[in-house]
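J.: Dropping the structure in here first, questions after.
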Amino acid sequence: MSPRFATDVITFYHPGFWGLDSADAVRDWAADHPDRFWQRVLDTLAETEVTGIELTFAPGDIDSALRAYGGAEAFRRELADRGLAVVSAFVADSDAPDWRHGDNLPAIVADAERRAAFLAEVGADVLVAGLPMRATYGTRPPFFVDAAYMTRMADIAHAVGEAVSRYGVRLAFHTESHSTLWYERDIDLFMALTDPRYVWLCPDSCHIALGGGDPVAVARRHTPRTALAHWKDAVAPIDVHLTIDDTVYSQQQPYMTELGTGIVDWEGWAHAMSGTPGAGTVLIELDEAADPVAALRSGTAVAKRALAAQFSVSGLREPQIDQ
């Protein structure tokens, strides 16, 4: 089966794409005009080969889609009429329940169930989550990502994973830079502590590389548990201690780049991805592209070449990519 291309709605967050002067202005405008926001996003996707979307933090979130279309089923129909579909949703909202202390488990589970119910109704089956962020290096008292911490996170993940599984949804964890699931060791420890029937992985090639890791090696070790992956490139590992606060994501941006222009081994990544349960979707992540059409076309071209190369090496027939 040929893979489909998808992208995160963050691709469309660049102020210049909307003729606005800041990210805040985009959020404010989209909050007031969710229907117009989604109309342009979907119209733009029609100019590319991308047919899948991952919902994320506002304005491209679940609540925005519900405000624009009145319900999950109406949103699904709008997408289907254009040959599009939701593939996943990312728990990235600032008001989502915090996992750090784990003393609010009922709220965490209820929030995940609400998202899973939406995903089931729109025909998607992956809920992507992340673990809490680390503390800035040198903070006193220090915050250690140790076995005790990861055991607490695993306990929460099990509760959430089991709850969303009742909706036919898989809970997959994203390897976010500066989070407690960033370094190769973090990923291996968390996956070892969690039940593979209820907890899945969403490796991000860029973020793993930014942490000094080998994205291909991580993908190979966790092939059976990769429900989805983010295809994204990195300039180089982050070799300084960034301040972990509300600005950390903007601080990371200079280390990220378009697919094919960085350090990720795309042929190796494509080969590793071909054996995963998530092989049917190639999710290209391009944060805030000024020209989403050009960026997505370029990204899909890189992914196609990598996929073609790994099939050539294996001696298998090259797949025909769905248009």
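Simple scheme: letters A, B, ... for chains in structure tokens order, numbers from 1 for residues in each chain, numbers from 1 for ligands in the order shown.
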Apply DSSP to the backbone of this structure and, from region 157-271 of chain A, keep only the residues in alpha helix (DSSP H); write these as JSON, numbers by chain.

T.: {"A": [157, 158, 159, 160, 161, 162, 163, 164, 165, 184, 185, 186, 187, 188, 189, 190, 191, 192, 193, 205, 206, 207, 208, 209, 210, 215, 216, 217, 218, 219, 220, 221, 248, 249, 250, 251, 252, 266, 267, 268, 269, 270, 271]}

J.: Output N, CA and C atoms of each residue in that selection to a file, as a short mmCIF file (atom, residue, chain, number, x, y, z; two decimals), in the first residue's frame.

T.:
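Output file again.cif is given in full below:
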data_model
loop_
_atom_site.label_atom_id
_atom_site.label_comp_id
_atom_site.auth_asym_id
_atom_site.auth_seq_id
_atom_site.Cartn_x
_atom_site.Cartn_y
_atom_site.Cartn_z
N ALA A 157 0.72 7.26 31.60
CA ALA A 157 0.59 6.85 30.21
C ALA A 157 -0.27 5.59 30.08
N HIS A 158 -0.10 4.67 31.02
CA HIS A 158 -0.91 3.45 30.98
C HIS A 158 -2.39 3.77 31.16
N ALA A 159 -2.69 4.64 32.10
CA ALA A 159 -4.09 5.00 32.35
C ALA A 159 -4.70 5.69 31.14
N VAL A 160 -3.95 6.61 30.54
CA VAL A 160 -4.45 7.33 29.38
C VAL A 160 -4.53 6.41 28.16
N GLY A 161 -3.49 5.62 27.95
CA GLY A 161 -3.47 4.72 26.81
C GLY A 161 -4.61 3.73 26.83
N GLU A 162 -4.91 3.20 28.02
CA GLU A 162 -6.02 2.26 28.14
C GLU A 162 -7.35 2.95 27.88
N ALA A 163 -7.49 4.18 28.39
CA ALA A 163 -8.75 4.92 28.22
C ALA A 163 -9.03 5.22 26.74
N VAL A 164 -8.01 5.70 26.02
CA VAL A 164 -8.26 6.06 24.62
C VAL A 164 -8.37 4.83 23.73
N SER A 165 -7.80 3.71 24.17
CA SER A 165 -7.90 2.48 23.37
C SER A 165 -9.35 2.03 23.23
N GLU A 184 18.11 9.86 23.57
CA GLU A 184 17.89 8.45 23.27
C GLU A 184 17.63 7.65 24.54
N ARG A 185 18.36 7.96 25.58
CA ARG A 185 18.19 7.25 26.86
C ARG A 185 16.80 7.46 27.43
N ASP A 186 16.25 8.68 27.30
CA ASP A 186 14.90 8.95 27.78
C ASP A 186 13.90 8.04 27.07
N ILE A 187 14.04 7.99 25.75
CA ILE A 187 13.09 7.22 24.93
C ILE A 187 13.15 5.75 25.29
N ASP A 188 14.37 5.22 25.37
CA ASP A 188 14.52 3.79 25.68
C ASP A 188 13.97 3.46 27.06
N LEU A 189 14.22 4.33 28.04
CA LEU A 189 13.76 4.07 29.40
C LEU A 189 12.24 4.10 29.46
N PHE A 190 11.63 5.12 28.86
CA PHE A 190 10.17 5.24 28.91
C PHE A 190 9.50 4.08 28.19
N MET A 191 10.03 3.71 27.04
CA MET A 191 9.43 2.59 26.30
C MET A 191 9.60 1.28 27.05
N ALA A 192 10.71 1.12 27.75
CA ALA A 192 10.91 -0.10 28.53
C ALA A 192 9.94 -0.20 29.70
N LEU A 193 9.52 0.95 30.22
CA LEU A 193 8.64 0.96 31.40
C LEU A 193 7.16 0.90 31.04
N SER A 205 12.31 12.95 13.83
CA SER A 205 13.70 12.85 13.39
C SER A 205 14.52 14.09 13.74
N CYS A 206 13.91 15.26 13.64
CA CYS A 206 14.61 16.50 13.95
C CYS A 206 14.95 16.59 15.44
N HIS A 207 13.95 16.41 16.27
CA HIS A 207 14.17 16.60 17.70
C HIS A 207 15.16 15.59 18.28
N ILE A 208 15.10 14.35 17.80
CA ILE A 208 16.08 13.37 18.27
C ILE A 208 17.49 13.81 17.88
N ALA A 209 17.65 14.30 16.65
CA ALA A 209 18.95 14.78 16.20
C ALA A 209 19.41 16.00 16.99
N LEU A 210 18.48 16.89 17.34
CA LEU A 210 18.84 18.08 18.11
C LEU A 210 19.37 17.70 19.49
N PRO A 215 18.42 9.47 14.94
CA PRO A 215 17.01 9.17 14.68
C PRO A 215 16.78 7.79 14.07
N VAL A 216 17.66 7.38 13.17
CA VAL A 216 17.49 6.09 12.51
C VAL A 216 17.66 4.95 13.51
N ALA A 217 18.64 5.07 14.38
CA ALA A 217 18.86 4.03 15.39
C ALA A 217 17.67 3.92 16.33
N VAL A 218 17.12 5.06 16.73
CA VAL A 218 15.94 5.05 17.60
C VAL A 218 14.78 4.38 16.88
N ALA A 219 14.56 4.76 15.62
CA ALA A 219 13.46 4.18 14.86
C ALA A 219 13.61 2.68 14.72
N ARG A 220 14.83 2.21 14.51
CA ARG A 220 15.05 0.77 14.36
C ARG A 220 14.79 0.03 15.67
N ARG A 221 15.20 0.63 16.78
CA ARG A 221 14.99 -0.06 18.07
C ARG A 221 13.51 -0.15 18.43
N VAL A 248 11.31 28.78 24.61
CA VAL A 248 12.23 27.70 24.20
C VAL A 248 11.97 27.24 22.78
N TYR A 249 10.71 27.25 22.35
CA TYR A 249 10.41 26.78 20.99
C TYR A 249 10.99 27.72 19.94
N SER A 250 10.91 29.03 20.19
CA SER A 250 11.51 29.97 19.25
C SER A 250 13.04 29.89 19.30
N GLN A 251 13.60 29.57 20.47
CA GLN A 251 15.04 29.39 20.58
C GLN A 251 15.53 28.19 19.77
N GLN A 252 14.67 27.20 19.61
CA GLN A 252 15.04 25.98 18.87
C GLN A 252 15.02 26.20 17.36
N TRP A 266 17.92 10.56 5.49
CA TRP A 266 16.56 10.29 5.06
C TRP A 266 16.38 8.90 4.45
N GLU A 267 17.39 8.39 3.80
CA GLU A 267 17.25 7.04 3.26
C GLU A 267 17.18 6.02 4.41
N GLY A 268 18.01 6.21 5.42
CA GLY A 268 17.97 5.32 6.57
C GLY A 268 16.67 5.44 7.33
N TRP A 269 16.19 6.67 7.46
CA TRP A 269 14.91 6.91 8.15
C TRP A 269 13.76 6.27 7.40
N ALA A 270 13.73 6.44 6.09
CA ALA A 270 12.66 5.86 5.28
C ALA A 270 12.66 4.34 5.39
N HIS A 271 13.85 3.75 5.39
CA HIS A 271 13.95 2.30 5.50
C HIS A 271 13.42 1.84 6.85
#

J.: For Asp93 (chain A), work out the shell of residues within 12 Å, counting only C-alpha atoms and skipping chain neighbours fewer than 2 positions away, then give it as an MDAnalysis selection string.

T.: chainID A and resid 55:64 89:91 95:98 111:112 115 128:130

J.: For N, CA and C atoms, I'd like the residues from the last selection saved as an mmCIF file, in the first residue's frame.

T.:
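Written out: result_35.cif:
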data_model
loop_
_atom_site.group_PDB
_atom_site.id
_atom_site.type_symbol
_atom_site.label_atom_id
_atom_site.label_comp_id
_atom_site.auth_asym_id
_atom_site.auth_seq_id
_atom_site.Cartn_x
_atom_site.Cartn_y
_atom_site.Cartn_z
ATOM 1 N N LEU A 55 -3.882 17.728 13.776
ATOM 2 C CA LEU A 55 -4.315 18.883 14.546
ATOM 3 C C LEU A 55 -3.338 19.124 15.687
ATOM 4 N N THR A 56 -3.241 20.363 16.138
ATOM 5 C CA THR A 56 -2.233 20.713 17.127
ATOM 6 C C THR A 56 -2.772 21.805 18.046
ATOM 7 N N PHE A 57 -1.890 22.689 18.516
ATOM 8 C CA PHE A 57 -2.348 23.781 19.381
ATOM 9 C C PHE A 57 -3.035 24.858 18.534
ATOM 10 N N ALA A 58 -3.802 25.698 19.196
ATOM 11 C CA ALA A 58 -4.576 26.728 18.500
ATOM 12 C C ALA A 58 -3.665 27.590 17.622
ATOM 13 N N PRO A 59 -4.177 27.956 16.436
ATOM 14 C CA PRO A 59 -5.576 27.862 16.007
ATOM 15 C C PRO A 59 -5.952 26.578 15.269
ATOM 16 N N GLY A 60 -4.993 25.690 15.005
ATOM 17 C CA GLY A 60 -5.315 24.471 14.273
ATOM 18 C C GLY A 60 -5.630 23.313 15.190
ATOM 19 N N ASP A 61 -6.489 23.542 16.165
ATOM 20 C CA ASP A 61 -6.780 22.527 17.177
ATOM 21 C C ASP A 61 -8.192 21.971 17.015
ATOM 22 N N ILE A 62 -8.535 21.030 17.875
ATOM 23 C CA ILE A 62 -9.853 20.406 17.819
ATOM 24 C C ILE A 62 -10.960 21.427 18.045
ATOM 25 N N ASP A 63 -10.796 22.269 19.055
ATOM 26 C CA ASP A 63 -11.851 23.242 19.369
ATOM 27 C C ASP A 63 -12.104 24.193 18.210
ATOM 28 N N SER A 64 -11.044 24.591 17.506
ATOM 29 C CA SER A 64 -11.199 25.477 16.359
ATOM 30 C C SER A 64 -11.990 24.793 15.250
ATOM 31 N N ALA A 89 -4.017 13.889 16.215
ATOM 32 C CA ALA A 89 -4.125 15.159 16.937
ATOM 33 C C ALA A 89 -3.063 15.169 18.017
ATOM 34 N N PHE A 90 -2.448 16.329 18.215
ATOM 35 C CA PHE A 90 -1.353 16.498 19.171
ATOM 36 C C PHE A 90 -1.896 17.225 20.401
ATOM 37 N N VAL A 91 -1.644 16.653 21.574
ATOM 38 C CA VAL A 91 -2.042 17.317 22.822
ATOM 39 C C VAL A 91 -0.995 18.390 23.116
ATOM 40 N N ASP A 95 -3.667 24.783 27.943
ATOM 41 C CA ASP A 95 -4.580 24.537 29.050
ATOM 42 C C ASP A 95 -4.831 23.037 29.283
ATOM 43 N N ALA A 96 -4.076 22.177 28.605
ATOM 44 C CA ALA A 96 -4.210 20.739 28.838
ATOM 45 C C ALA A 96 -3.685 20.417 30.232
ATOM 46 N N PRO A 97 -4.254 19.434 30.915
ATOM 47 C CA PRO A 97 -3.795 19.077 32.267
ATOM 48 C C PRO A 97 -2.310 18.725 32.288
ATOM 49 N N ASP A 98 -1.606 19.217 33.289
ATOM 50 C CA ASP A 98 -0.165 19.002 33.423
ATOM 51 C C ASP A 98 0.111 17.608 33.992
ATOM 52 N N ASP A 111 -9.562 14.520 29.705
ATOM 53 C CA ASP A 111 -9.135 15.349 28.581
ATOM 54 C C ASP A 111 -8.755 14.474 27.384
ATOM 55 N N ALA A 112 -8.027 13.401 27.630
ATOM 56 C CA ALA A 112 -7.624 12.497 26.557
ATOM 57 C C ALA A 112 -8.830 11.800 25.938
ATOM 58 N N ARG A 115 -10.591 14.058 23.455
ATOM 59 C CA ARG A 115 -9.867 14.126 22.189
ATOM 60 C C ARG A 115 -10.027 12.826 21.392
ATOM 61 N N VAL A 128 -1.370 12.023 19.773
ATOM 62 C CA VAL A 128 0.041 12.260 20.074
ATOM 63 C C VAL A 128 0.157 13.128 21.318
ATOM 64 N N ALA A 129 1.005 12.708 22.245
ATOM 65 C CA ALA A 129 1.230 13.462 23.482
ATOM 66 C C ALA A 129 2.731 13.585 23.713
ATOM 67 N N GLY A 130 3.091 14.465 24.618
ATOM 68 C CA GLY A 130 4.491 14.599 24.997
ATOM 69 C C GLY A 130 4.621 14.513 26.503
#

J.: Which of these residues is nearest to Ser298 (chain A), using only C-alpha atoms: A:Val50, A:Leu105, A:Ala85, A:Met256?

T.: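 Closest residue, counting only C-alpha atoms: A:Val50.
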
J.: Which one of A:Ala227, A:Val293, A:Leu201, A:Ile108 sits closest to Ser274 (chain A) if you count only C-alpha atoms?

T.: A:Ala227

J.: Need the shell around Arg77 (chain A): protein/DNA/RNA residues with any atom at most 12 Å away, counting only C-alpha atoms. Skip same-chain ones fewer than 6 positions apart. Format as a ChimeraX atom specification?

T.: /A:69-71,83-86,121-123

J.: State, in Å with one decimal place, the distance from CA of Trp200 (chain A) to CA of Arg225 (chain A).

T.: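 Atom-to-atom, CA of Trp200 (chain A) to CA of Arg225 (chain A), that is 5.1 Å.
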
J.: Check the DSSP output for the backbone and give back, as a list in words, the residues of region 94-262 of chain A in strand (DSSP E).

T.: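 The strand (DSSP E) residues within region 94-262 of chain A come out as Val126, Leu127, Val128, Ala129, Arg170, Leu171, Ala172, Phe173, His174, Trp200, Leu201, Cys202, His230, Trp231, Asp233, Ala234, Met256 and Thr257 of chain A.
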
J.: Could you please take those selected residues and save N, CA and C atoms as a tab-separated table (two decimals), in the first residue's frame?

T.:
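See part21.tsv below for the written result:
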chain	number	residue	atom	x	y	z
A	126	VAL	N	-4.80	8.08	16.03
A	126	VAL	CA	-3.58	8.35	16.79
A	126	VAL	C	-3.71	9.66	17.56
A	127	LEU	N	-3.51	9.58	18.87
A	127	LEU	CA	-3.44	10.76	19.73
A	127	LEU	C	-1.99	10.92	20.15
A	128	VAL	N	-1.37	12.02	19.77
A	128	VAL	CA	0.04	12.26	20.07
A	128	VAL	C	0.16	13.13	21.32
A	129	ALA	N	1.01	12.71	22.24
A	129	ALA	CA	1.23	13.46	23.48
A	129	ALA	C	2.73	13.58	23.71
A	170	ARG	N	-4.82	5.02	19.40
A	170	ARG	CA	-3.52	4.69	20.00
A	170	ARG	C	-2.87	5.96	20.56
A	171	LEU	N	-2.28	5.85	21.73
A	171	LEU	CA	-1.58	6.97	22.36
A	171	LEU	C	-0.10	6.86	22.02
A	172	ALA	N	0.42	7.86	21.29
A	172	ALA	CA	1.82	7.83	20.84
A	172	ALA	C	2.57	9.03	21.40
A	173	PHE	N	3.78	8.81	21.90
A	173	PHE	CA	4.54	9.87	22.55
A	173	PHE	C	5.60	10.46	21.63
A	174	HIS	N	5.59	11.79	21.58
A	174	HIS	CA	6.45	12.57	20.71
A	174	HIS	C	7.76	12.91	21.42
A	200	TRP	N	2.47	3.87	22.60
A	200	TRP	CA	3.17	3.86	21.33
A	200	TRP	C	4.14	5.03	21.26
A	201	LEU	N	4.91	5.08	20.17
A	201	LEU	CA	5.91	6.12	19.99
A	201	LEU	C	5.63	6.92	18.72
A	202	CYS	N	5.90	8.24	18.80
A	202	CYS	CA	5.88	9.11	17.63
A	202	CYS	C	7.26	9.78	17.57
A	230	HIS	N	7.19	11.95	12.81
A	230	HIS	CA	7.32	13.29	12.23
A	230	HIS	C	8.62	13.34	11.43
A	231	TRP	N	8.48	13.61	10.14
A	231	TRP	CA	9.63	13.74	9.25
A	231	TRP	C	10.06	15.20	9.23
A	233	ASP	N	13.79	17.92	9.51
A	233	ASP	CA	15.24	17.96	9.44
A	233	ASP	C	15.84	18.93	10.46
A	234	ALA	N	17.12	18.69	10.78
A	234	ALA	CA	17.84	19.49	11.77
A	234	ALA	C	19.15	19.97	11.19
A	256	MET	N	16.53	24.11	13.17
A	256	MET	CA	15.66	23.32	12.31
A	256	MET	C	15.74	23.83	10.88
A	257	THR	N	15.48	22.93	9.93
A	257	THR	CA	15.59	23.32	8.54
A	257	THR	C	14.67	22.46	7.67

J.: Which of these, A:Gly299, A:Pro196, A:Gly19, A:Gly260, has the shortest distance to Val282 (chain A) once you count only C-alpha atoms?

T.: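 So, comparing all the options, the nearest one is A:Gly299.
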
J.: My list of candidates is A:Ser94, A:Ser22, A:Thr7, A:Thr243. Which is closest to Leu42 (chain A) when distances are computed with only C-alpha atoms?

T.: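 Nearest to Leu42 (chain A): A:Thr7.
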
J.: Taking only C-alpha atoms into account, name the residue in A:His14, A:Pro142, A:Asp204, A:Leu283 that is nearest to Glu176 (chain A).

T.: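 Smallest distance to Glu176 (chain A) is found for A:Asp204.
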
J.: Point out the residue among A:Ala289, A:Ala236, A:Leu228, A:Ala72 with the least atom-to-atom distance to Gly16 (chain A), counting only C-alpha atoms.

T.: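 Using only C-alpha atoms, Gly16 (chain A) sits closest to A:Ala289.
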
J.: To one decimal place, how far is CA of Gly168 (chain A) from CA of Val109 (chain A) in Å?

T.: 15.2 Å

J.: Please, what distance in Å, to one decimal, runs between CA of Arg152 (chain A) and CA of Phe118 (chain A)?

T.: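 That distance, rounded to one decimal, is 27.1 Å.
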